[in-house]
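Asker: As input, take upload.csv (CSV, C-alpha atoms):
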chain,number,residue,atom,x,y,z
N,1,MET,CA,-12.6,69.7,-27.2
N,2,SER,CA,-15.6,68.8,-25.3
N,3,ARG,CA,-15.3,66.9,-22.1
N,4,TRP,CA,-17.1,63.9,-23.5
N,5,ILE,CA,-14.7,63.5,-26.4
N,6,ALA,CA,-11.7,63.7,-24.0
N,7,PHE,CA,-13.4,61.2,-21.7
N,8,PHE,CA,-13.8,58.6,-24.5
N,9,ILE,CA,-10.3,59.2,-25.7
N,10,ALA,CA,-9.1,58.4,-22.1
N,11,ILE,CA,-11.2,55.2,-22.2
N,12,ALA,CA,-9.7,54.2,-25.5
N,13,LEU,CA,-6.2,54.9,-24.3
N,14,GLY,CA,-6.8,52.9,-21.1
N,15,ALA,CA,-8.3,50.0,-23.1
N,16,ALA,CA,-5.3,50.0,-25.3
N,17,ALA,CA,-3.0,50.0,-22.3
N,18,GLY,CA,-4.9,47.2,-20.7
N,19,MET,CA,-4.9,45.0,-23.8
N,20,LEU,CA,-1.2,45.6,-24.3
N,21,TYR,CA,-0.5,44.5,-20.8
N,22,GLY,CA,-2.9,41.5,-21.0
N,23,TRP,CA,-1.7,40.3,-24.4
N,24,VAL,CA,1.9,41.2,-24.4
N,25,PHE,CA,3.4,41.9,-21.0
N,26,ASN,CA,1.4,39.5,-18.9
N,27,PRO,CA,-0.7,37.2,-21.1
N,28,VAL,CA,-2.8,34.4,-19.7
N,29,GLU,CA,-0.4,31.4,-19.1
N,30,TYR,CA,-1.6,28.0,-20.0
N,31,VAL,CA,0.3,25.6,-17.8
N,32,ASP,CA,-2.0,22.7,-17.8
N,33,THR,CA,-2.7,22.1,-21.5
N,34,ALA,CA,-3.8,19.0,-23.3
N,35,PRO,CA,-1.9,17.4,-26.1
N,36,ASN,CA,-4.3,18.9,-28.6
N,37,SER,CA,-2.5,22.3,-28.0
N,38,LEU,CA,0.8,20.9,-29.1
N,39,ARG,CA,2.6,22.4,-32.1
N,40,LEU,CA,2.2,20.3,-35.2
N,41,ASP,CA,5.8,18.9,-35.1
N,42,TYR,CA,5.3,17.8,-31.5
N,43,LYS,CA,2.0,16.3,-32.4
N,44,THR,CA,3.7,14.4,-35.2
N,45,ASP,CA,6.4,13.2,-32.9
N,46,TYR,CA,3.6,12.1,-30.4
N,47,VAL,CA,2.0,10.1,-33.2
N,48,LEU,CA,5.3,8.6,-34.0
N,49,MET,CA,5.8,7.5,-30.4
N,50,VAL,CA,2.3,6.0,-30.3
N,51,ALA,CA,3.3,4.1,-33.5
N,52,GLU,CA,6.5,2.9,-31.9
N,53,ALA,CA,4.7,1.9,-28.7
N,54,TYR,CA,2.2,0.0,-30.9
N,55,THR,CA,5.0,-2.2,-32.2
N,56,LEU,CA,5.6,-3.4,-28.7
N,57,ASP,CA,2.1,-4.1,-27.5
N,58,GLN,CA,0.2,-4.5,-30.8
N,59,ASP,CA,-2.8,-3.0,-28.9
N,60,VAL,CA,-4.8,-1.0,-31.4
N,61,ASN,CA,-7.3,0.1,-28.8
N,62,LEU,CA,-4.6,1.5,-26.6
N,63,ALA,CA,-3.0,3.2,-29.6
N,64,ALA,CA,-6.4,4.8,-30.5
N,65,ARG,CA,-6.9,6.0,-27.0
N,66,ARG,CA,-3.5,7.6,-26.9
N,67,LEU,CA,-4.1,9.3,-30.3
N,68,ALA,CA,-7.5,10.5,-29.1
N,69,SER,CA,-5.9,12.8,-26.6
N,70,LEU,CA,-4.6,14.8,-29.5
N,71,GLY,CA,-8.0,16.4,-30.1
N,72,ASP,CA,-11.6,16.0,-31.0
N,73,VAL,CA,-11.1,14.9,-34.6
N,74,SER,CA,-10.9,11.2,-35.5
N,75,VAL,CA,-7.7,9.3,-34.8
N,76,SER,CA,-7.4,8.7,-38.6
N,77,ALA,CA,-7.4,12.4,-39.1
N,78,HIS,CA,-4.5,12.8,-36.6
N,79,MET,CA,-2.6,10.0,-38.4
N,80,ASP,CA,-3.2,11.7,-41.8
N,81,GLU,CA,-2.1,15.1,-40.5
N,82,ALA,CA,1.0,13.7,-38.8
N,83,LEU,CA,1.9,11.6,-41.9
N,84,ALA,CA,1.6,14.6,-44.1
N,85,PHE,CA,3.8,16.7,-41.9
N,86,ALA,CA,6.4,13.8,-41.6
N,87,VAL,CA,6.5,13.4,-45.4
N,88,GLN,CA,6.8,17.1,-45.9
N,89,ASN,CA,9.7,17.4,-43.5
N,90,ASN,CA,11.6,14.3,-44.7
N,91,TYR,CA,11.2,12.1,-41.7
N,92,PRO,CA,13.4,9.0,-41.9
N,93,GLN,CA,11.9,6.1,-43.9
N,94,PRO,CA,11.6,3.7,-40.9
N,95,ASP,CA,9.6,6.4,-39.0
N,96,LEU,CA,7.2,6.8,-42.0
N,97,LEU,CA,6.8,3.1,-42.2
N,98,LEU,CA,5.9,2.8,-38.6
N,99,MET,CA,3.3,5.6,-38.9
N,100,ARG,CA,1.9,4.2,-42.1
N,101,SER,CA,1.5,0.7,-40.7
N,102,LEU,CA,-0.4,2.1,-37.7
N,103,ALA,CA,-2.5,4.2,-40.0
N,104,GLU,CA,-3.4,1.1,-42.0
N,105,VAL,CA,-4.4,-0.8,-38.8
N,106,LEU,CA,-6.5,2.1,-37.6
N,107,ASP,CA,-8.2,2.4,-41.0
N,108,SER,CA,-9.5,-1.1,-40.6
N,109,TRP,CA,-10.2,-0.8,-36.9
N,110,ASN,CA,-13.8,-0.6,-35.8
N,111,PRO,CA,-14.0,0.8,-32.3
N,112,ASN,CA,-17.6,-0.4,-31.9
N,113,LEU,CA,-16.4,-4.0,-32.1
N,114,ASP,CA,-14.3,-3.4,-29.1
N,115,MET,CA,-16.9,-1.9,-26.9
N,116,PRO,CA,-17.8,-3.9,-23.9
N,117,ALA,CA,-21.2,-5.6,-23.9
N,118,PRO,CA,-23.9,-3.9,-21.8
O,1,MET,CA,-28.2,86.3,-13.0
O,2,LYS,CA,-25.3,84.6,-14.8
O,3,LYS,CA,-24.4,81.1,-13.5
O,4,LYS,CA,-20.8,80.7,-12.5
O,5,PRO,CA,-19.1,77.9,-14.4
O,6,GLU,CA,-18.6,74.7,-12.3
O,7,LYS,CA,-14.9,73.8,-11.6
O,8,ARG,CA,-14.7,70.0,-12.0
O,9,GLY,CA,-11.0,69.5,-12.7
O,10,ASN,CA,-9.7,66.7,-14.9
O,11,TRP,CA,-10.9,63.7,-12.8
O,12,TYR,CA,-13.1,62.6,-15.6
O,13,LEU,CA,-10.0,61.8,-17.6
O,14,LEU,CA,-8.6,59.6,-14.9
O,15,THR,CA,-12.0,57.9,-14.6
O,16,GLY,CA,-12.1,57.3,-18.3
O,17,LEU,CA,-8.6,55.9,-18.2
O,18,ILE,CA,-9.3,53.5,-15.4
O,19,LEU,CA,-12.5,52.3,-17.1
O,20,GLY,CA,-10.5,51.8,-20.3
O,21,VAL,CA,-7.8,49.8,-18.6
O,22,ALA,CA,-10.4,47.6,-16.9
O,23,PHE,CA,-12.2,47.0,-20.2
O,24,GLY,CA,-8.9,46.2,-21.9
O,25,LEU,CA,-7.8,43.7,-19.2
O,26,VAL,CA,-11.2,42.0,-19.2
O,27,TYR,CA,-11.0,41.7,-23.0
O,28,ALA,CA,-7.4,40.5,-23.1
O,29,TRP,CA,-7.7,38.0,-20.2
O,30,VAL,CA,-11.3,36.8,-20.4
O,31,VAL,CA,-13.0,37.6,-23.6
O,32,SER,CA,-10.2,37.0,-26.0
O,33,PRO,CA,-7.2,35.7,-24.2
O,34,VAL,CA,-4.0,34.7,-26.0
O,35,GLN,CA,-4.5,31.3,-27.6
O,36,TYR,CA,-1.7,28.8,-27.2
O,37,VAL,CA,-2.1,26.5,-30.2
O,38,ASP,CA,1.5,25.8,-30.7
O,39,ALA,CA,2.5,24.8,-27.2
O,40,GLY,CA,5.4,22.6,-26.3
O,41,PRO,CA,5.3,19.5,-24.2
O,42,ASN,CA,6.4,21.4,-21.1
O,43,SER,CA,3.1,23.2,-20.9
O,44,LEU,CA,1.2,19.9,-20.7
O,45,ARG,CA,-0.9,19.0,-17.6
O,46,GLU,CA,0.9,16.7,-15.2
O,47,ASP,CA,-1.0,13.6,-16.2
O,48,PHE,CA,-0.4,14.3,-19.9
O,49,LYS,CA,3.3,14.8,-19.1
O,50,ASP,CA,3.3,11.3,-17.5
O,51,GLN,CA,1.7,9.9,-20.6
O,52,TYR,CA,4.3,11.7,-22.8
O,53,ARG,CA,7.2,10.3,-20.7
O,54,LEU,CA,5.6,6.9,-20.9
O,55,LEU,CA,5.4,7.1,-24.7
O,56,VAL,CA,9.1,8.3,-24.8
O,57,ALA,CA,10.1,5.3,-22.7
O,58,LEU,CA,8.1,2.9,-24.8
O,59,ALA,CA,9.5,4.3,-28.0
O,60,TYR,CA,13.0,3.9,-26.5
O,61,LEU,CA,12.2,0.3,-25.7
O,62,SER,CA,11.2,-0.1,-29.3
O,63,ASP,CA,14.0,1.7,-31.1
O,64,ASN,CA,16.7,1.9,-28.4
O,65,ASN,CA,17.5,5.4,-29.6
O,66,TYR,CA,19.0,7.1,-26.6
O,67,VAL,CA,19.7,10.4,-28.2
O,68,ARG,CA,16.2,10.7,-29.5
O,69,ALA,CA,14.6,9.7,-26.2
O,70,GLU,CA,16.7,12.2,-24.3
O,71,ALA,CA,15.9,15.0,-26.7
O,72,ARG,CA,12.2,14.2,-26.4
O,73,LEU,CA,12.3,14.3,-22.6
O,74,LYS,CA,14.2,17.5,-22.6
O,75,GLU,CA,11.2,19.2,-24.1
O,76,LEU,CA,9.4,18.6,-20.9
O,77,LYS,CA,12.0,20.8,-19.1
O,78,ASP,CA,12.0,18.6,-16.0
O,79,PRO,CA,14.8,19.6,-13.6
O,80,ASP,CA,16.2,16.1,-13.5
O,81,ILE,CA,14.8,13.9,-16.2
O,82,ALA,CA,16.3,10.6,-14.9
O,83,GLN,CA,15.0,11.1,-11.4
O,84,THR,CA,11.6,12.1,-12.7
O,85,LEU,CA,11.4,9.0,-14.9
O,86,ALA,CA,12.5,6.8,-12.0
O,87,MET,CA,9.8,8.3,-9.8
O,88,GLN,CA,7.2,7.7,-12.5
O,89,ALA,CA,8.4,4.1,-12.8
O,90,GLN,CA,7.9,3.7,-9.0
O,91,ARG,CA,4.4,5.1,-9.3
O,92,SER,CA,3.7,2.9,-12.2
O,93,LEU,CA,4.7,-0.1,-10.2
O,94,ALA,CA,2.8,1.0,-7.2
O,95,ASP,CA,-0.3,1.7,-9.3
O,96,GLY,CA,-0.2,-1.8,-10.8
O,97,LYS,CA,0.4,-0.6,-14.4
O,98,THR,CA,1.6,-3.2,-17.0
O,99,GLU,CA,5.0,-4.7,-16.6
O,100,MET,CA,6.1,-3.4,-20.0
O,101,GLU,CA,5.3,0.2,-19.0
O,102,THR,CA,7.2,-0.1,-15.7
O,103,ARG,CA,10.1,-1.7,-17.3
O,104,ALA,CA,10.3,0.8,-20.1
O,105,LEU,CA,10.3,3.7,-17.7
O,106,SER,CA,12.9,2.1,-15.4
O,107,LEU,CA,15.2,1.1,-18.3
O,108,LEU,CA,15.1,4.6,-19.7
O,109,ALA,CA,15.7,6.1,-16.3
O,110,VAL,CA,18.7,3.8,-15.9
O,111,ALA,CA,20.0,4.6,-19.3
O,112,LEU,CA,19.7,8.4,-18.7
O,113,GLY,CA,21.5,7.9,-15.4
O,114,GLU,CA,24.3,6.1,-17.2
O,115,GLY,CA,24.6,8.5,-20.1
O,116,PRO,CA,25.0,7.5,-23.8
O,117,THR,CA,27.1,4.6,-24.9
O,118,PRO,CA,28.7,4.5,-28.3
O,119,VAL,CA,27.7,1.0,-29.2
O,120,VAL,CA,24.0,0.2,-29.3
O,121,THR,CA,22.5,-3.1,-30.3
O,122,MET,CA,19.5,-2.6,-32.5
O,123,PRO,CA,17.3,-5.7,-32.5
O,124,THR,CA,14.5,-4.3,-34.7
O,125,ALA,CA,14.1,-2.9,-38.2
O,126,THR,CA,13.6,0.6,-36.7
O,127,ALA,CA,17.2,0.8,-35.7
O,128,THR,CA,18.1,3.6,-38.1
O,129,VAL,CA,15.6,6.2,-36.8
O,130,ALA,CA,16.9,9.7,-36.3
O,131,PRO,CA,15.7,12.5,-34.2
O,132,SER,CA,12.7,14.4,-35.5
O,133,PRO,CA,13.4,17.7,-37.4
O,134,THR,CA,12.7,19.8,-34.4
O,135,SER,CA,15.0,18.0,-32.0
O,136,THR,CA,18.5,19.4,-31.2
O,137,PRO,CA,19.7,16.6,-28.9
O,138,THR,CA,22.9,17.0,-26.9
O,139,PRO,CA,23.6,14.0,-24.7
O,140,VAL,CA,24.0,14.9,-21.1
O,141,VAL,CA,24.6,12.6,-18.2
O,142,ALA,CA,22.2,13.3,-15.4
O,143,GLU,CA,23.9,13.9,-12.0
O,144,PRO,CA,22.8,11.8,-9.1
O,145,THR,CA,21.1,14.0,-6.5
O,146,ALA,CA,19.5,11.9,-3.8
O,147,SER,CA,21.4,10.7,-0.8
O,148,PRO,CA,20.9,7.1,0.4
O,149,ALA,CA,19.4,8.3,3.7
O,150,SER,CA,16.6,10.2,1.9
O,151,VAL,CA,15.5,7.2,-0.2
O,152,THR,CA,12.8,4.9,1.0
O,153,GLU,CA,10.8,2.4,-0.9
O,154,ILE,CA,7.1,3.0,-1.1
O,155,ALA,CA,5.6,-0.2,0.0
O,156,THR,CA,1.9,-0.8,-0.5
O,157,GLN,CA,-0.1,-3.7,0.6
O,158,ALA,CA,-2.0,-4.0,-2.6
O,159,PRO,CA,-1.5,-7.2,-4.4
O,160,ARG,CA,0.5,-7.0,-7.6
O,161,THR,CA,-0.3,-8.7,-10.9
O,162,LEU,CA,3.0,-8.3,-12.5
O,163,GLN,CA,4.5,-11.2,-14.3
O,164,PRO,CA,8.0,-12.5,-13.8
O,165,THR,CA,10.5,-10.3,-15.6
O,166,ALA,CA,13.6,-12.4,-16.1
O,167,THR,CA,13.5,-12.3,-19.9
O,168,PRO,CA,16.0,-9.9,-21.3
O,169,LEU,CA,14.9,-6.8,-23.2
O,170,PRO,CA,16.9,-4.8,-25.7
O,171,SER,CA,19.0,-2.6,-23.5
O,172,ARG,CA,22.2,-0.7,-23.4
O,173,THR,CA,22.6,-1.9,-19.8
O,174,PRO,CA,23.7,-5.3,-18.7
O,175,THR,CA,20.8,-7.7,-18.1
O,176,ALA,CA,20.6,-11.2,-16.8
O,177,THR,CA,20.5,-14.0,-19.3
O,178,PRO,CA,18.2,-16.9,-18.8
O,179,GLY,CA,19.9,-19.8,-17.3
O,180,ASP,CA,22.1,-17.7,-15.0
O,181,PRO,CA,20.2,-17.7,-11.7
O,182,PHE,CA,21.2,-15.1,-9.2
O,183,LEU,CA,22.7,-16.6,-6.0
O,184,LEU,CA,22.9,-15.0,-2.7
O,185,GLU,CA,26.5,-14.0,-2.2
O,186,GLU,CA,26.3,-11.9,0.9
O,187,GLN,CA,23.9,-11.1,3.7
O,188,SER,CA,24.8,-8.5,6.2
O,189,LEU,CA,23.2,-6.2,8.7
O,190,VAL,CA,23.8,-2.5,7.8
O,191,CYS,CA,23.9,-0.2,10.8
O,192,ASP,CA,23.4,3.2,9.4
O,193,PRO,CA,21.8,5.7,11.7
O,194,ALA,CA,21.2,8.0,8.8
O,195,LEU,CA,18.7,5.6,7.3
O,196,THR,CA,15.3,6.7,8.5
O,197,ALA,CA,13.7,3.3,8.0
O,198,SER,CA,14.7,-0.3,8.3
O,199,LEU,CA,15.2,-1.6,4.8
O,200,ILE,CA,15.8,-4.7,2.8
O,201,GLN,CA,18.5,-3.5,0.4
O,202,ILE,CA,19.4,-5.7,-2.5
O,203,LYS,CA,22.2,-5.4,-5.0
O,204,VAL,CA,22.3,-7.6,-8.1
O,205,TYR,CA,25.4,-8.3,-10.2
O,206,ASP,CA,25.9,-10.3,-13.3
O,207,ALA,CA,28.7,-12.8,-13.6
O,208,ALA,CA,31.1,-10.1,-14.8
O,209,GLY,CA,30.5,-8.0,-11.7
O,210,GLN,CA,28.2,-5.4,-13.5
O,211,GLU,CA,25.1,-4.2,-11.7
O,212,VAL,CA,21.9,-5.5,-13.3
O,213,PRO,CA,18.8,-3.3,-13.5
O,214,GLY,CA,15.3,-4.5,-14.1
O,215,VAL,CA,15.5,-7.6,-11.9
O,216,GLU,CA,12.3,-8.3,-10.1
O,217,ALA,CA,12.4,-9.1,-6.4
O,218,ILE,CA,9.5,-10.5,-4.5
O,219,VAL,CA,9.1,-10.1,-0.8
O,220,ASN,CA,6.5,-12.1,1.1
O,221,TRP,CA,5.3,-11.8,4.6
O,222,ASP,CA,2.4,-13.1,6.6
O,223,GLY,CA,-0.6,-11.8,4.6
O,224,GLY,CA,1.2,-9.8,2.0
O,225,GLU,CA,3.4,-9.7,-1.0
O,226,GLU,CA,5.3,-6.9,-2.7
O,227,HIS,CA,7.3,-6.8,-6.0
O,228,PHE,CA,10.0,-4.3,-6.7
O,229,PHE,CA,12.7,-3.9,-9.3
O,230,THR,CA,16.4,-3.0,-9.3
O,231,GLY,CA,17.4,0.1,-11.1
O,232,LEU,CA,14.6,2.4,-10.1
O,233,LYS,CA,17.0,4.4,-8.0
O,234,PRO,CA,19.9,4.8,-10.4
O,235,GLU,CA,21.6,7.2,-8.1
O,236,LEU,CA,22.2,4.3,-5.7
O,237,GLY,CA,23.3,1.9,-8.4
O,238,LEU,CA,21.8,0.2,-11.4
O,239,GLY,CA,21.5,-3.1,-9.5
O,240,TYR,CA,20.1,-1.6,-6.3
O,241,ALA,CA,16.6,-1.8,-4.9
O,242,ASP,CA,15.1,-1.5,-1.4
O,243,PHE,CA,12.0,-2.3,0.5
O,244,VAL,CA,10.9,-0.8,3.8
O,245,MET,CA,10.3,-3.3,6.6
O,246,ASN,CA,7.9,-2.9,9.5
O,247,THR,CA,8.9,-4.0,12.9
O,248,GLY,CA,7.5,-7.2,14.2
O,249,VAL,CA,7.1,-8.6,10.7
O,250,THR,CA,9.2,-11.4,9.2
O,251,TYR,CA,9.9,-11.3,5.5
O,252,VAL,CA,11.1,-13.7,2.9
O,253,LEU,CA,12.8,-12.4,-0.2
O,254,ARG,CA,13.5,-14.1,-3.5
O,255,LEU,CA,14.3,-12.9,-7.0
O,256,ALA,CA,11.6,-13.6,-9.6
O,257,ASP,CA,13.9,-15.6,-11.8
O,258,GLY,CA,14.4,-18.3,-9.2
O,259,GLY,CA,17.2,-18.9,-6.8
O,260,GLN,CA,16.9,-19.7,-3.2
O,261,PRO,CA,14.6,-17.6,-1.0
O,262,VAL,CA,16.1,-15.6,1.8
O,263,PRO,CA,14.0,-16.2,4.9
O,264,ASP,CA,13.7,-14.6,8.4
O,265,LEU,CA,14.3,-11.0,7.4
O,266,THR,CA,13.1,-8.8,10.2
O,267,PRO,CA,14.3,-5.4,11.5
O,268,ALA,CA,17.3,-6.1,13.7
O,269,GLU,CA,18.6,-3.7,16.3
O,270,CYS,CA,21.9,-1.8,16.0
O,271,GLU,CA,23.6,0.1,18.8
O,272,GLY,CA,24.9,3.6,18.2
O,273,GLU,CA,28.0,5.2,19.7
O,274,ALA,CA,26.1,6.7,22.6
O,275,GLY,CA,24.4,3.5,23.4
O,276,THR,CA,21.3,4.5,21.5
O,277,ARG,CA,19.5,1.6,19.7
O,278,TYR,CA,17.9,1.8,16.3
O,279,TYR,CA,16.9,-0.6,13.6
O,280,GLY,CA,19.4,-1.5,10.9
O,281,SER,CA,18.8,-2.7,7.4
O,282,TRP,CA,19.6,-6.0,5.7
O,283,LEU,CA,21.9,-5.9,2.6
O,284,LEU,CA,21.6,-8.8,0.3
O,285,VAL,CA,24.0,-9.2,-2.5
O,286,PHE,CA,23.1,-11.5,-5.4
O,287,ARG,CA,25.4,-12.5,-8.2
O,288,ALA,CA,24.6,-14.5,-11.4
O,289,SER,CA,26.1,-17.9,-11.1
O,290,GLY,CA,27.5,-17.7,-14.6
O,291,ARG,CA,27.0,-21.4,-15.3
Take the structure in this file and express it as structure tokens.

Answerer:
Amino acid sequence: MSRWIAFFIAIALGAAAGMLYGWVFNPVEYVDTAPNSLRLDYKTDYVLMVAEAYTLDQDVNLAARRLASLGDVSVSAHMDEALAFAVQNNYPQPDLLLMRSLAEVLDSWNPNLDMPAP
Amino acid sequence: MKKKPEKRGNWYLLTGLILGVAFGLVYAWVVSPVQYVDAGPNSLREDFKDQYRLLVALAYLSDNNYVRAEARLKELKDPDIAQTLAMQAQRSLADGKTEMETRALSLLAVALGEGPTPVVTMPTATATVAPSPTSTPTPVVAEPTASPASVTEIATQAPRTLQPTATPLPSRTPTATPGDPFLLEEQSLVCDPALTASLIQIKVYDAAGQEVPGVEAIVNWDGGEEHFFTGLKPELGLGYADFVMNTGVTYVLRLADGGQPVPDLTPAECEGEAGTRYYGSWLLVFRASGR
């Protein structure tokens, strides 16, 4: 076996060992994540909490701001995704009602109307 | 003449291995790191954790579901969830956040300090909500950890915009009912050398002798005003609150729901066993008149 082949095999073995260490034994730890990295069930619970909070303050702008931290897609998309998950996983009816009522409010909400005048 | 073969050894293999490991680590950590797309709330950044706790508290205020609130908070893996909430409630008050947010945080902190109660009054249609499918709640009573000597109220000079908070909210804890003003029952100087600051300590009881959380106290002095609430330090009692006095300043304290103001509160000297002198604290005990 030529030296070059052995050399490249050593590189490949080293790379494999490095990736194994970096991905499995000591992967990058994300300790300061944003809500958009939450698992879907946590996201759904987050949306439910926003809906519950909305029943107290009736502030649709605040609810939309809270939902916006779930990611770049529109707040309606977050609501739809959470509602689909909640229905699929048999969330209690009162929870579904809360989420649906917030979804309806958000559907008719126009953020541009709430922007401060220049 | 025949050239003698060069003896290089196997160092090239080690070189290749090191290069490979370096490449592998760079690829695994930088180019294509592990993607956490299914993270739990415990991995959230601190400010998002605060927002999460606030939402849990507001949801609790809405549905009064203790088990669910506790299960949600446990996902954050805070070492002492009641204490963490109480501290956030204090920060919320100091930062001038809305009254509802502060009250929600403090009421949940108090509820967690108390533990679950079997009878819960559900004032809204959302009373039958159950924990989400991923929750496995097990009610646990948080243990008090702080000692009275280590607790001091964070007093800031910034004006507060909070509104009076005498109206009762749905709660598992006793709250004052309108029409039952709190009357000053006792005023005494507490000489405790373990206290590192001179405090105005208040304790608020209802007519039945139960401590009442969420009562707003207002302290005024020449050029300043501060608001604080009972129940933010559940380890010292649900009806307890305190405020740090500065020497040379005279304070007037009253509860937000009315009642007589308590004037002339200023750090008073106490004498220790060895003749040492230090500033004591004022303890004011209020009780609902029950009329």

Asker: Got a sec: who's within 10 Å of Cys191 (chain O), counting only C-alpha atoms, leaving out chain neighbours fewer than 3 positions off, as a list in words?

Answerer: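 Residues meeting the cut-off are Ser188, Ala194, Leu195, Ser198, Ala268, Glu269, Cys270, Glu271, Gly272, Tyr278, Tyr279, Gly280, Ser281 and Trp282 of chain O.
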
Asker: Can you tell me which residues surround region 36-43 of chain N at a distance of at most 6 Å, considering all atoms listed in the file, apart from same-chain residues fewer than 5 positions away, and format the answer as a list in words?

Answerer: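 The residues that qualify are Leu70 and Gly71 of chain N; Val37, Asp38, Ala39 and Gly40 of chain O.
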
Asker: Which polymer residues have any atom within 9 Å of an atom of region 73-82 of chain N, counting all atoms listed in the file, with same-chain residues fewer than 6 positions away left out, as a compact mmCIF listing (two decimals) with C-alpha atoms, in the coordinates of the input?

Answerer:
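See out-v6.txt below for the written result:
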# COMPACT_ATOMS: atom_id res chain seq x y z
CA LEU N 40 2.20 20.30 -35.20
CA ASP N 41 5.80 18.90 -35.10
CA LYS N 43 2.00 16.30 -32.40
CA THR N 44 3.70 14.40 -35.20
CA ASP N 45 6.40 13.20 -32.90
CA TYR N 46 3.60 12.10 -30.40
CA VAL N 47 2.00 10.10 -33.20
CA LEU N 48 5.30 8.60 -34.00
CA ALA N 64 -6.40 4.80 -30.50
CA ARG N 65 -6.90 6.00 -27.00
CA LEU N 67 -4.10 9.30 -30.30
CA MET N 99 3.30 5.60 -38.90
CA ARG N 100 1.90 4.20 -42.10
CA LEU N 102 -0.40 2.10 -37.70
CA ALA N 103 -2.50 4.20 -40.00
CA LEU N 106 -6.50 2.10 -37.60
CA ASP N 107 -8.20 2.40 -41.00

Asker: What lies within 6 Å of Ala82 (chain O) using only C-alpha atoms, ignoring chain neighbours under 6 positions off, as a PyMOL selection string?

Answerer: chain O and resi 109+112-113

Asker: Since we have the selection now, will you write its residues out, keeping C-alpha atoms, as an mmCIF file, in the coordinates of the input?

Answerer:
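So the final result, stored in part_20.cif, reads:
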data_model
loop_
_atom_site.group_PDB
_atom_site.id
_atom_site.type_symbol
_atom_site.label_atom_id
_atom_site.label_comp_id
_atom_site.auth_asym_id
_atom_site.auth_seq_id
_atom_site.Cartn_x
_atom_site.Cartn_y
_atom_site.Cartn_z
ATOM 1 C CA ALA O 109 15.700 6.100 -16.300
ATOM 2 C CA LEU O 112 19.700 8.400 -18.700
ATOM 3 C CA GLY O 113 21.500 7.900 -15.400
#

Asker: CA of Leu253 (chain O) to CA of Ser92 (chain O): how many Å, to one decimal?

Answerer: 21.5 Å

Asker: Counting all atoms listed in the file, figure out which residue out of O:Gly239, O:Gly96, O:Gly9, O:Gly24 gets nearest to chain N.

Answerer: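 Closest candidate: O:Gly24.
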
Asker: Using only C-alpha atoms, I'd like a table of the residues in chain N that come within 6 Å of chain O; for each, show the closest atom pair and its distance in Å rounded to one decimal, ordered by chain and ascending number, as CSV.

Answerer:
residue,atom,partner,partner_atom,distance
N:Phe7,CA,O:Gly16,CA,5.3
N:Ala10,CA,O:Leu17,CA,4.7
N:Ile11,CA,O:Gly20,CA,4.0
N:Ala12,CA,O:Gly20,CA,5.8
N:Gly14,CA,O:Gly20,CA,3.9
N:Ala15,CA,O:Gly20,CA,4.0
N:Gly18,CA,O:Gly24,CA,4.3
N:Met19,CA,O:Gly24,CA,4.6
N:Gly22,CA,O:Ala28,CA,5.1
N:Trp23,CA,O:Ala28,CA,5.8
N:Val31,CA,O:Ser43,CA,4.8
N:Asp32,CA,O:Arg45,CA,3.9
N:Thr33,CA,O:Leu44,CA,4.5
N:Ala34,CA,O:Leu44,CA,5.7
N:Ser37,CA,O:Val37,CA,4.8
N:Leu38,CA,O:Ala39,CA,4.7
N:Arg39,CA,O:Asp38,CA,3.8
N:Met49,CA,O:Ala59,CA,5.4
N:Glu52,CA,O:Ala59,CA,5.1
N:Ala53,CA,O:Leu58,CA,5.3
N:Pro94,CA,O:Thr126,CA,5.6

Asker: One number please: CA of Pro92 (chain N) to CA of Lys77 (chain O), in Å, one decimal.

Answerer: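 Straight-line distance from CA of Pro92 (chain N) to CA of Lys77 (chain O) works out to 25.7 Å.
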
Asker: Can you measure CA of Glu235 (chain O) to CA of Arg53 (chain O) for me? One decimal in Å is fine.

Answerer: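 Computing it gives 19.4 Å between the two atoms.
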
Asker: Counting all atoms listed in the file, figure out which residue out of N:Ala17, N:Asn90, N:Leu97, N:Pro35 gets nearest to Ala68 (chain N).

Answerer: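 Between N:Ala17, N:Asn90, N:Leu97, N:Pro35, the residue approaching Ala68 (chain N) most closely is N:Pro35.
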
Asker: Got a sec: who's within 7 Å of Ala63 (chain N), counting all atoms listed in the file, leaving out chain neighbours fewer than 3 positions off, as a list in words?

Answerer: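 Listed by chain and then number, they are Val50, Tyr54, Asp59, Val60, Arg66 and Leu67 of chain N.
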
Asker: Could you add N, CA and C atoms to region 32-36 of chain N and give me the result as a short mmCIF file (atom, residue, chain, number, x, y, z; two decimals), in the frame of the given file?

Answerer:
data_model
loop_
_atom_site.label_atom_id
_atom_site.label_comp_id
_atom_site.auth_asym_id
_atom_site.auth_seq_id
_atom_site.Cartn_x
_atom_site.Cartn_y
_atom_site.Cartn_z
N ASP N 32 -1.45 24.00 -17.94
CA ASP N 32 -2.00 22.70 -17.80
C ASP N 32 -2.77 22.34 -19.13
N THR N 33 -2.06 22.36 -20.22
CA THR N 33 -2.70 22.10 -21.50
C THR N 33 -2.83 20.65 -21.82
N ALA N 34 -3.63 20.35 -22.79
CA ALA N 34 -3.80 19.00 -23.30
C ALA N 34 -2.95 18.81 -24.55
N PRO N 35 -2.69 17.57 -24.94
CA PRO N 35 -1.90 17.40 -26.10
C PRO N 35 -2.42 18.01 -27.40
N ASN N 36 -3.72 18.32 -27.41
CA ASN N 36 -4.30 18.90 -28.60
C ASN N 36 -3.74 20.34 -28.87
#
